[in-house]
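Asks: See entry33.tsv below, with TSV, C-alpha atoms.
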chain	number	residue	atom	x	y	z
K	67	MET	CA	94.14	52.04	39.28
K	68	SER	CA	90.45	52.54	39.89
K	69	GLU	CA	88.47	49.88	41.68
K	70	VAL	CA	85.92	49.73	38.86
K	71	GLN	CA	87.82	49.23	35.63
K	72	ASP	CA	86.34	50.69	32.46
K	73	ALA	CA	86.47	48.61	29.31
K	74	PRO	CA	89.22	49.88	26.98
K	75	ALA	CA	86.78	50.56	24.13
K	76	GLY	CA	83.10	51.08	23.37
K	77	GLY	CA	82.51	54.54	24.79
K	78	GLY	CA	79.78	56.87	23.67
K	79	ARG	CA	77.26	59.31	25.00
K	80	GLY	CA	76.12	58.76	28.56
K	81	ALA	CA	72.54	58.69	29.78
K	82	ALA	CA	72.62	62.35	30.81
K	83	ASP	CA	73.90	63.70	27.49
K	84	ALA	CA	70.62	63.85	25.59
K	85	PRO	CA	67.06	62.55	25.84
K	86	VAL	CA	66.25	59.45	23.80
K	87	PRO	CA	62.68	59.14	22.44
K	88	PHE	CA	62.32	55.47	23.38
K	89	ASP	CA	61.52	53.66	26.62
K	90	LEU	CA	63.28	50.42	27.48
K	91	THR	CA	60.24	48.60	28.85
K	92	ALA	CA	60.08	46.00	31.61
K	93	GLU	CA	58.52	43.53	29.17
K	94	THR	CA	61.38	43.91	26.69
K	95	ALA	CA	63.91	43.70	29.53
K	96	ARG	CA	62.40	40.50	30.99
K	97	ARG	CA	62.52	38.82	27.61
K	98	MET	CA	66.11	39.89	27.01
K	99	ALA	CA	67.29	38.89	30.51
K	100	ALA	CA	65.79	35.41	30.28
K	101	ILE	CA	67.40	34.71	26.90
K	102	VAL	CA	70.80	36.10	27.90
K	103	HIS	CA	70.81	34.21	31.22
K	104	ASP	CA	70.00	30.97	29.43
K	105	ILE	CA	72.75	31.24	26.84
K	106	ALA	CA	75.48	32.92	28.92
K	107	ARG	CA	75.22	30.52	31.90
K	108	VAL	CA	76.21	33.08	34.52
K	109	ASP	CA	74.76	33.21	38.04
K	110	ALA	CA	72.42	36.10	37.27
K	111	VAL	CA	71.63	38.70	34.62
K	112	ALA	CA	69.98	42.05	35.32
K	113	ILE	CA	68.80	44.78	32.98
K	114	THR	CA	68.20	48.40	33.97
K	115	ASP	CA	67.05	51.54	32.26
K	116	THR	CA	68.74	54.81	33.23
K	117	SER	CA	67.35	54.79	36.77
K	118	GLU	CA	65.49	51.56	37.59
K	119	ILE	CA	66.05	47.81	37.64
K	120	LEU	CA	63.72	46.35	35.01
K	121	ALA	CA	64.49	42.63	35.06
K	122	LEU	CA	66.49	39.99	36.89
K	123	ALA	CA	67.09	36.41	35.77
K	124	GLY	CA	68.89	34.02	38.10
K	125	GLN	CA	69.85	34.51	41.74
K	126	GLY	CA	70.78	38.11	42.51
K	127	CYS	CA	70.82	40.50	45.41
K	128	PRO	CA	67.56	40.81	47.41
K	129	ASN	CA	67.90	44.60	47.15
K	130	MET	CA	68.41	44.52	43.37
K	131	GLN	CA	64.92	43.47	42.34
K	132	PRO	CA	62.78	44.71	39.43
K	133	GLY	CA	61.01	47.95	40.20
K	134	ARG	CA	63.72	49.27	42.54
K	135	ARG	CA	66.11	52.11	41.83
K	136	VAL	CA	69.59	51.39	40.55
K	137	GLN	CA	71.58	50.62	43.70
K	138	THR	CA	75.30	50.57	43.00
K	139	ASP	CA	77.79	53.26	42.09
K	140	ALA	CA	79.28	50.85	39.54
K	141	THR	CA	76.04	50.81	37.54
K	142	ARG	CA	75.61	54.56	37.81
K	143	THR	CA	79.16	55.00	36.49
K	144	ALA	CA	78.42	52.82	33.47
K	145	LEU	CA	75.24	54.82	32.81
K	146	ARG	CA	77.02	58.14	33.15
K	147	THR	CA	80.06	57.32	31.01
K	148	GLY	CA	78.48	54.99	28.47
K	149	ARG	CA	81.36	52.55	29.01
K	150	ALA	CA	81.39	49.00	30.32
K	151	ALA	CA	82.70	48.37	33.84
K	152	PHE	CA	84.43	45.21	35.04
K	153	VAL	CA	83.88	44.76	38.80
K	154	HIS	CA	86.26	42.26	40.37
K	155	THR	CA	85.34	42.32	44.08
K	156	LYS	CA	82.18	42.78	46.17
K	157	ARG	CA	83.60	46.03	47.55
K	158	ASP	CA	83.96	47.46	44.03
K	159	LEU	CA	80.21	47.38	43.50
K	160	HIS	CA	79.95	50.29	45.97
K	161	CYS	CA	76.57	49.16	47.26
K	162	PRO	CA	75.05	51.69	49.70
K	163	VAL	CA	73.09	49.07	51.71
K	164	PRO	CA	75.04	48.09	54.87
K	165	GLY	CA	75.04	44.44	55.88
K	166	CYS	CA	73.25	43.31	52.72
K	167	PRO	CA	73.38	39.49	52.26
K	168	CYS	CA	74.27	39.94	48.61
K	169	PRO	CA	75.74	36.84	46.87
K	170	ILE	CA	77.41	38.89	44.13
K	171	HIS	CA	81.22	39.04	44.10
K	172	ALA	CA	81.99	40.15	40.53
K	173	ALA	CA	80.14	41.65	37.61
K	174	VAL	CA	80.34	42.97	34.09
K	175	ILE	CA	78.12	46.01	33.59
K	176	ALA	CA	77.72	46.87	29.91
K	177	PRO	CA	75.76	49.84	28.56
K	178	LEU	CA	72.75	49.47	26.28
K	179	LYS	CA	72.62	52.18	23.63
K	180	ILE	CA	70.38	53.59	20.97
K	181	ARG	CA	72.13	55.67	18.33
K	182	GLY	CA	75.06	56.18	20.68
K	183	TYR	CA	73.00	57.27	23.70
K	184	THR	CA	73.00	55.08	26.81
K	185	VAL	CA	69.47	53.95	27.69
K	186	GLY	CA	70.26	51.23	30.23
K	187	THR	CA	72.64	48.44	31.21
K	188	VAL	CA	72.91	44.67	31.01
K	189	LYS	CA	74.72	43.17	34.00
K	190	PHE	CA	76.34	39.75	34.31
K	191	TYR	CA	76.76	38.59	37.94
K	192	HIS	CA	79.26	36.10	39.34
K	193	HIS	CA	78.80	34.67	42.87
K	194	ARG	CA	82.18	33.13	43.50
K	195	PRO	CA	84.98	35.18	45.11
K	196	ASP	CA	87.28	34.94	42.10
K	197	LEU	CA	87.68	36.85	38.87
K	198	MET	CA	84.92	36.81	36.30
K	199	PRO	CA	86.04	34.44	33.50
K	200	SER	CA	87.60	36.40	30.65
K	201	PHE	CA	85.36	34.82	28.02
K	202	ILE	CA	82.29	36.02	29.96
K	203	MET	CA	83.68	39.56	29.96
K	204	ARG	CA	84.20	39.42	26.20
K	205	LEU	CA	80.83	37.79	25.70
K	206	ALA	CA	79.09	40.51	27.71
K	207	MET	CA	80.46	43.19	25.40
K	208	GLY	CA	79.22	41.36	22.32
K	209	ILE	CA	75.79	40.66	23.78
K	210	SER	CA	75.37	44.30	24.84
K	211	GLU	CA	76.02	45.27	21.20
K	212	LEU	CA	73.35	42.87	19.99
K	213	LEU	CA	70.81	43.93	22.60
K	214	SER	CA	71.49	47.56	21.73
K	215	LEU	CA	70.85	46.72	18.12
K	216	GLN	CA	67.57	45.03	19.04
K	217	LEU	CA	66.52	48.19	20.87
K	218	GLU	CA	67.41	50.30	17.84
K	219	LEU	CA	65.31	48.06	15.64
K	220	GLU	CA	62.37	48.33	18.04
K	221	GLU	CA	62.78	52.09	18.24
K	222	ALA	CA	62.90	52.43	14.46
K	223	GLU	CA	59.86	50.23	14.09
K	224	HIS	CA	58.05	52.17	16.81
K	225	GLN	CA	58.72	55.50	15.09
K	226	ARG	CA	58.06	54.13	11.59
K	227	GLU	CA	61.62	54.97	10.56
K	228	LEU	CA	62.12	51.67	8.77
K	229	LEU	CA	61.32	51.34	5.11
K	230	ALA	CA	57.70	52.15	4.40
K	231	GLN	CA	56.82	48.97	2.53
K	232	ALA	CA	54.75	46.65	4.73
K	233	ARG	CA	56.11	43.47	3.20
K	234	LEU	CA	59.67	44.57	3.82
K	235	ARG	CA	58.82	45.20	7.48
K	236	ALA	CA	57.29	41.72	7.63
K	237	LEU	CA	60.49	40.20	6.25
K	238	GLU	CA	62.59	42.09	8.79
K	239	ALA	CA	60.33	40.89	11.61
K	240	GLN	CA	60.84	37.29	10.51
K	241	ILE	CA	64.59	37.57	10.06
K	242	ARG	CA	65.32	39.54	13.21
K	243	PRO	CA	64.71	36.88	15.88
K	244	HIS	CA	66.73	34.35	13.90
K	245	PHE	CA	69.66	36.76	13.52
K	246	LEU	CA	69.65	38.24	16.97
K	247	PHE	CA	68.95	35.23	19.16
K	248	ASN	CA	68.85	31.82	17.45
K	249	THR	CA	72.26	32.17	15.82
K	250	LEU	CA	73.56	33.81	18.98
K	251	THR	CA	73.25	30.41	20.68
K	252	ALA	CA	75.59	28.92	18.08
K	253	ILE	CA	78.09	31.73	18.60
K	254	ILE	CA	78.00	31.15	22.34
K	255	ALA	CA	78.91	27.52	21.74
K	256	THR	CA	81.83	28.70	19.59
K	257	SER	CA	82.96	31.01	22.38
K	258	ARG	CA	83.85	28.05	24.58
K	259	ALA	CA	86.49	26.87	22.13
K	260	ASP	CA	87.40	30.13	20.40
K	261	PRO	CA	86.25	33.20	22.36
K	262	GLU	CA	88.03	35.68	20.13
K	263	ARG	CA	86.35	34.34	16.99
K	264	ALA	CA	82.98	34.39	18.73
K	265	ARG	CA	83.45	37.99	19.86
K	266	ALA	CA	84.58	39.03	16.37
K	267	LEU	CA	81.44	37.46	14.90
K	268	LEU	CA	79.22	39.21	17.43
K	269	ILE	CA	80.76	42.63	16.85
K	270	GLU	CA	80.83	42.24	13.06
K	271	PHE	CA	77.25	41.02	13.06
K	272	ALA	CA	76.01	43.95	15.13
K	273	ALA	CA	77.96	46.49	13.09
K	274	PHE	CA	76.67	45.16	9.79
K	275	LEU	CA	73.03	45.10	10.89
K	276	ARG	CA	73.41	48.59	12.32
K	277	HIS	CA	74.58	49.73	8.88
K	278	THR	CA	71.57	48.15	7.16
K	279	LEU	CA	69.19	49.64	9.73
K	280	HIS	CA	70.17	53.17	8.77
K	281	ARG	CA	69.89	52.62	5.03
K	282	HIS	CA	66.65	54.45	4.17
K	283	THR	CA	66.05	53.01	0.72
K	284	SER	CA	64.00	50.27	-0.84
K	285	HIS	CA	66.85	49.02	-3.03
K	286	ALA	CA	70.41	47.82	-2.53
K	287	THR	CA	73.22	46.89	-4.88
K	288	VAL	CA	73.94	43.26	-5.61
K	289	ALA	CA	77.24	43.73	-3.74
K	290	GLU	CA	75.40	44.95	-0.63
K	291	GLU	CA	72.90	42.09	-0.79
K	292	LEU	CA	75.78	39.62	-1.11
K	293	ASP	CA	77.55	41.16	1.91
K	294	PHE	CA	74.38	40.58	3.90
K	295	VAL	CA	74.12	36.99	2.64
K	296	ARG	CA	77.77	36.23	3.40
K	297	MET	CA	77.34	37.52	6.95
K	298	TYR	CA	74.31	35.30	7.44
K	299	VAL	CA	76.15	32.30	5.96
K	300	ARG	CA	79.17	32.80	8.23
K	301	LEU	CA	76.88	32.70	11.25
K	302	GLU	CA	75.15	29.56	9.99
K	303	GLU	CA	78.53	27.93	9.32
K	304	ALA	CA	79.35	28.48	12.99
K	305	ARG	CA	76.23	26.46	13.80
K	306	PHE	CA	76.40	23.71	11.18
K	307	GLY	CA	80.16	23.30	10.79
K	308	ASP	CA	81.13	21.07	7.87
K	309	ARG	CA	77.50	20.01	7.36
K	310	LEU	CA	76.99	23.26	5.44
K	311	ARG	CA	78.96	23.88	2.24
K	312	VAL	CA	78.49	27.10	0.29
K	313	ALA	CA	79.39	28.11	-3.27
K	314	PHE	CA	78.98	31.57	-4.82
K	315	ARG	CA	78.77	31.96	-8.60
K	316	ILE	CA	78.70	35.72	-9.06
K	317	ASP	CA	79.14	37.62	-12.32
K	318	PRO	CA	81.26	40.69	-11.41
K	319	ALA	CA	79.27	42.69	-13.96
K	320	THR	CA	76.21	42.46	-11.69
K	321	LEU	CA	77.72	43.90	-8.51
K	322	ASP	CA	76.61	47.49	-9.11
K	323	ALA	CA	73.11	46.55	-10.24
K	324	ARG	CA	70.29	47.33	-7.83
K	325	LEU	CA	67.76	44.90	-6.36
K	326	PRO	CA	64.84	45.34	-3.96
K	327	VAL	CA	66.43	45.18	-0.53
K	328	LEU	CA	66.26	41.79	1.24
K	329	THR	CA	65.75	39.79	-1.94
K	330	LEU	CA	68.56	37.23	-1.64
K	331	GLN	CA	68.91	36.65	2.09
K	332	PRO	CA	65.42	35.19	2.69
K	333	LEU	CA	66.00	32.75	-0.19
K	334	VAL	CA	69.28	31.64	1.36
K	335	GLU	CA	67.72	31.34	4.82
K	336	ASN	CA	64.89	29.25	3.40
K	337	ALA	CA	67.36	26.92	1.68
K	338	ILE	CA	69.39	26.37	4.84
K	339	VAL	CA	66.54	26.11	7.34
K	340	HIS	CA	64.14	24.03	5.26
K	341	GLY	CA	66.44	22.28	2.80
K	342	ILE	CA	69.81	21.55	4.39
K	343	ALA	CA	69.14	21.61	8.16
K	344	PRO	CA	66.64	18.70	8.11
K	345	SER	CA	69.08	16.53	6.13
K	346	ASP	CA	71.27	14.16	8.16
K	347	ARG	CA	74.11	14.62	5.68
K	348	GLY	CA	73.85	18.40	5.52
K	349	GLY	CA	74.24	19.82	2.06
K	350	THR	CA	75.59	22.37	-0.39
K	351	LEU	CA	74.10	25.80	-0.93
K	352	THR	CA	74.74	27.57	-4.24
K	353	VAL	CA	74.07	31.27	-4.79
K	354	ALA	CA	74.24	32.39	-8.42
K	355	VAL	CA	73.87	35.92	-9.81
K	356	ARG	CA	74.46	36.89	-13.42
K	357	ARG	CA	73.32	39.42	-15.99
K	358	ARG	CA	71.13	38.63	-18.97
K	359	GLY	CA	70.45	41.67	-21.09
K	360	SER	CA	68.78	44.23	-18.86
K	361	SER	CA	67.84	41.70	-16.18
K	362	ILE	CA	69.72	40.26	-13.22
K	363	CYS	CA	69.27	36.50	-12.88
K	364	LEU	CA	69.21	35.24	-9.28
K	365	ALA	CA	69.15	31.62	-8.16
K	366	VAL	CA	69.57	29.93	-4.78
K	367	ALA	CA	69.89	26.14	-4.88
K	368	ASP	CA	70.35	23.45	-2.25
K	369	ASP	CA	70.74	19.67	-2.46
K	370	GLY	CA	68.79	19.09	0.76
K	371	VAL	CA	65.55	17.30	1.53
K	372	GLY	CA	63.42	19.00	-1.13
K	373	PHE	CA	59.62	19.01	-1.14
K	374	ASP	CA	56.66	18.41	-3.39
K	375	PRO	CA	56.24	21.62	-5.42
K	376	THR	CA	52.60	20.80	-6.14
K	377	ALA	CA	51.70	21.03	-2.44
K	378	PRO	CA	49.54	24.06	-1.49
K	379	ALA	CA	52.26	25.52	0.76
K	380	ALA	CA	54.96	25.31	-1.89
K	381	VAL	CA	54.55	28.69	-3.58
K	382	ALA	CA	53.94	30.53	-0.31
K	383	GLY	CA	56.82	29.04	1.61
K	384	ALA	CA	58.79	26.31	-0.15
K	385	GLY	CA	57.84	23.70	2.41
K	386	GLY	CA	57.16	26.15	5.25
K	387	GLY	CA	59.82	28.67	4.32
K	388	LEU	CA	60.66	32.05	5.82
K	389	GLY	CA	59.03	34.83	3.88
K	390	LEU	CA	59.23	33.52	0.28
K	391	ASP	CA	55.70	34.72	-0.38
K	392	ASN	CA	56.65	38.19	0.87
K	393	VAL	CA	59.70	38.23	-1.41
K	394	ASN	CA	57.57	37.02	-4.31
K	395	GLN	CA	54.88	39.67	-3.81
K	396	ARG	CA	57.45	42.45	-3.36
K	397	LEU	CA	59.23	41.46	-6.59
K	398	ILE	CA	55.94	41.39	-8.49
K	399	GLY	CA	54.86	44.73	-7.03
K	400	LEU	CA	58.15	46.49	-7.74
K	401	CYS	CA	59.28	44.77	-10.93
K	402	GLY	CA	56.27	43.17	-12.63
K	403	ARG	CA	54.98	39.63	-13.04
K	404	GLY	CA	58.06	38.54	-14.94
K	405	ALA	CA	60.13	38.91	-11.74
K	406	ARG	CA	58.08	36.40	-9.75
K	407	LEU	CA	59.89	33.56	-8.01
K	408	ARG	CA	60.28	30.25	-9.82
K	409	ILE	CA	60.53	27.25	-7.52
K	410	ARG	CA	61.72	23.84	-8.63
K	411	SER	CA	62.14	20.99	-6.15
K	412	ARG	CA	62.33	17.20	-5.91
K	413	PRO	CA	61.86	15.33	-2.62
K	414	GLY	CA	65.23	14.05	-1.47
K	415	ARG	CA	67.10	15.89	-4.21
K	416	GLY	CA	66.91	19.57	-3.33
K	417	THR	CA	65.33	22.88	-4.32
K	418	VAL	CA	66.03	25.82	-6.63
K	419	VAL	CA	64.40	29.22	-6.12
K	420	ALA	CA	65.12	31.72	-8.90
K	421	ALA	CA	64.02	35.05	-10.34
K	422	HIS	CA	64.89	37.52	-13.07
K	423	VAL	CA	64.91	41.07	-11.71
K	424	PRO	CA	65.09	43.90	-14.26
K	425	ALA	CA	67.66	46.63	-13.99
K	426	THR	CA	65.06	48.93	-15.62
K	427	GLY	CA	61.54	48.43	-16.90
K	428	PRO	CA	59.39	45.29	-16.71
K	429	ALA	CA	61.01	41.94	-16.10
K	430	LEU	CA	61.98	39.99	-19.18
K	431	ALA	CA	60.23	36.76	-20.06
K	432	ILE	CA	62.27	33.71	-19.05
K	433	ASP	CA	62.79	31.17	-21.78
K	434	ARG	CA	63.21	27.47	-21.10
K	435	GLU	CA	66.87	27.43	-22.13
K	436	GLU	CA	67.74	30.15	-19.64
K	437	GLU	CA	65.74	28.50	-16.86
K	438	ASN	CA	67.54	25.21	-17.42
K	439	ALA	CA	70.86	27.02	-16.96
K	440	TRP	CA	70.09	27.77	-13.31
K	441	PRO	CA	71.75	25.64	-10.59
K	442	SER	CA	69.79	22.44	-10.46
K	443	ALA	CA	68.22	20.44	-7.64
K	444	ARG	CA	70.12	17.23	-8.27
Let me see whether you can do it: turn the structure in this file into C-alpha cells.

Replies:
Amino acid sequence: MSEVQDAPAGGGRGAADAPVPFDLTAETARRMAAIVHDIARVDAVAITDTSEILALAGQGCPNMQPGRRVQTDATRTALRTGRAAFVHTKRDLHCPVPGCPCPIHAAVIAPLKIRGYTVGTVKFYHHRPDLMPSFIMRLAMGISELLSLQLELEEAEHQRELLAQARLRALEAQIRPHFLFNTLTAIIATSRADPERARALLIEFAAFLRHTLHRHTSHATVAEELDFVRMYVRLEEARFGDRLRVAFRIDPATLDARLPVLTLQPLVENAIVHGIAPSDRGGTLTVAVRRRGSSICLAVADDGVGFDPTAPAAVAGAGGGLGLDNVNQRLIGLCGRGARLRIRSRPGRGTVVAAHVPATGPALAIDREEENAWPSAR
C-alpha cells in the first residue's frame, strides 16, 4: 500500500495534461481559504495553483507560506494525477526540508478543477498525530467540488461564456454566493450528525450547477426550472429544518413548456429569505405552475411576514428581495408587458408573486378571476 493513499474516485486530467485559459489568483484563493477554514474547523487550510502556494488560513508550516513553491511530493502527486490524496502521517507528506518545525501530521489534499483539468489544490491540515477524522475527509471532497465549480463560474464569466443577457448574469451573480457559501454552512452543520447526507448534498449540488453552467440557452423547460428549485429547497430545508414547509402544485401538462431561464428560483429564494426566514414560526412555501391557453401561469406564495406592497421598494424587491426586478424586466423584455410580475402581500400574512408567461407570442391579459385563483397570502 502506498504511503499517500489516493481517493477511490474523482479522477480526471492532471495539471500537465493541457493548458487551462484561467489563472487561479491569490485574491480568489485567500477568499476561498478563509471561508473554508471558518466552516470546516480544521487546523489550517491552504490553496495552491499548479506550482505555488496562494493562500494559507490557520496555523501551517513556516515553509508553506503564500508566494512559495509547492513543497511536498504529496501535493505534486495530487496535481499530477488529478486525484485527492489522504496523508496519514508527517512522513507521508514527503517534505524536502530537513528539520522543519512543521506542526502538520495529517492532511487531505483535494484537486481543484476547471472542466476536468486540475488547476490547483485545496489542502486541509491536521496537527495532531492521529488520523484525520473521516467526516473531514468526506467534507474535503465535497468542498473541492464546490470550489471547482466556483472557479468554473468565474472562468465562464471572465470569458463571457455565460448567457449574453446582462440581467441573467446579474441574477447569477446574486444567487451564486448564496448557493456556494451561505448554504454550505448549513450543510456543514448537517455533516456533524449525518456526514453521508451532507456529502451527498454537496456532490449533488455541485453536479447540478455544473449542468446548468454548460447550458448555453436563454430558456429552460418547466421541468428543468423545477429541478433547480427543488435542489435549492432541499438545501434550505437542511438549514431551516421543520420551520420550512414546501408544497408543489404542478400541472404535468406544463413540464415541457419553456420559460426564460432562472424565472422560478429567484421567486422562491425571495419568499424564503424575506418571507419565511424572518418569521419566528417559519412558514409554508407554495410553488404553483399550470397552463391557461397558450400561457404558463406561475405563482410562488408564502405565509411569512409579508410587507406593505405600496412601499417604494416593493416592486423592485418585495421587501428587499433578491433580483425580483431583474426577473420582472427580463420577463417584460422577452415576453411582453403582460408577463410582468404581480405582487400581492399583507404584513403578517404573507406574499404571492405571480406571472403569466406565454408559450408563444405576447403574454395574455390576466383577468381578475384567474388572478384570484393563485395561491393566496393568507

Asks: Can you tell me how far CA of Glu302 (chain K) sits from CA of Pro199 (chain K), in Å to one decimal?

Replies: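 Computing the Euclidean distance for CA of Glu302 (chain K) and CA of Pro199 (chain K) yields 26.4 Å.
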
Asks: Considering only C-alpha atoms, can you say which of K:Met98, K:Ala112, K:Val371, K:Met130 comes closest to Val163 (chain K)?

Replies: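 Checking each of K:Met98, K:Ala112, K:Val371, K:Met130 against Val163 (chain K), counting only C-alpha atoms, the winner is K:Met130.
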
Asks: Interatomic distance between CA of Thr352 (chain K) and CA of Asn336 (chain K)?

Replies: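 Separation of CA of Thr352 (chain K) and CA of Asn336 (chain K): 12.6 Å.
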
Asks: CA of Leu397 (chain K) and CA of Val423 (chain K), how far apart in Å?

Replies: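 That distance, rounded to one decimal, is 7.7 Å.
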
Asks: Take the point (72.5, 44.4, 49.8) in the file's coordinates, draw a sphere of radius 10 Å around it, and report as a PDB file with C-alpha atoms, in the coordinates of the input every protein, DNA or RNA residue with an atom inside or on it, counting all atoms listed in the file.

Replies:
ATOM      1  CA  GLY K 126      70.780  38.110  42.510  1.00  0.00           C
ATOM      2  CA  CYS K 127      70.820  40.500  45.410  1.00  0.00           C
ATOM      3  CA  PRO K 128      67.560  40.810  47.410  1.00  0.00           C
ATOM      4  CA  ASN K 129      67.900  44.600  47.150  1.00  0.00           C
ATOM      5  CA  MET K 130      68.410  44.520  43.370  1.00  0.00           C
ATOM      6  CA  GLN K 137      71.580  50.620  43.700  1.00  0.00           C
ATOM      7  CA  THR K 138      75.300  50.570  43.000  1.00  0.00           C
ATOM      8  CA  CYS K 161      76.570  49.160  47.260  1.00  0.00           C
ATOM      9  CA  PRO K 162      75.050  51.690  49.700  1.00  0.00           C
ATOM     10  CA  VAL K 163      73.090  49.070  51.710  1.00  0.00           C
ATOM     11  CA  PRO K 164      75.040  48.090  54.870  1.00  0.00           C
ATOM     12  CA  GLY K 165      75.040  44.440  55.880  1.00  0.00           C
ATOM     13  CA  CYS K 166      73.250  43.310  52.720  1.00  0.00           C
ATOM     14  CA  PRO K 167      73.380  39.490  52.260  1.00  0.00           C
ATOM     15  CA  CYS K 168      74.270  39.940  48.610  1.00  0.00           C
ATOM     16  CA  PRO K 169      75.740  36.840  46.870  1.00  0.00           C
ATOM     17  CA  ILE K 170      77.410  38.890  44.130  1.00  0.00           C
TER      18      ILE K 170
END

Asks: So that I can see what lies close to Gly307 (chain K), please list as a ChimeraX atom specification the residues with an atom at most 12 Å from it, counting all atoms listed in the file and leaving out residues fewer than 3 positions away in the same chain.

Replies: /K:252-253,255-256,299-304,310-312,343,347-349
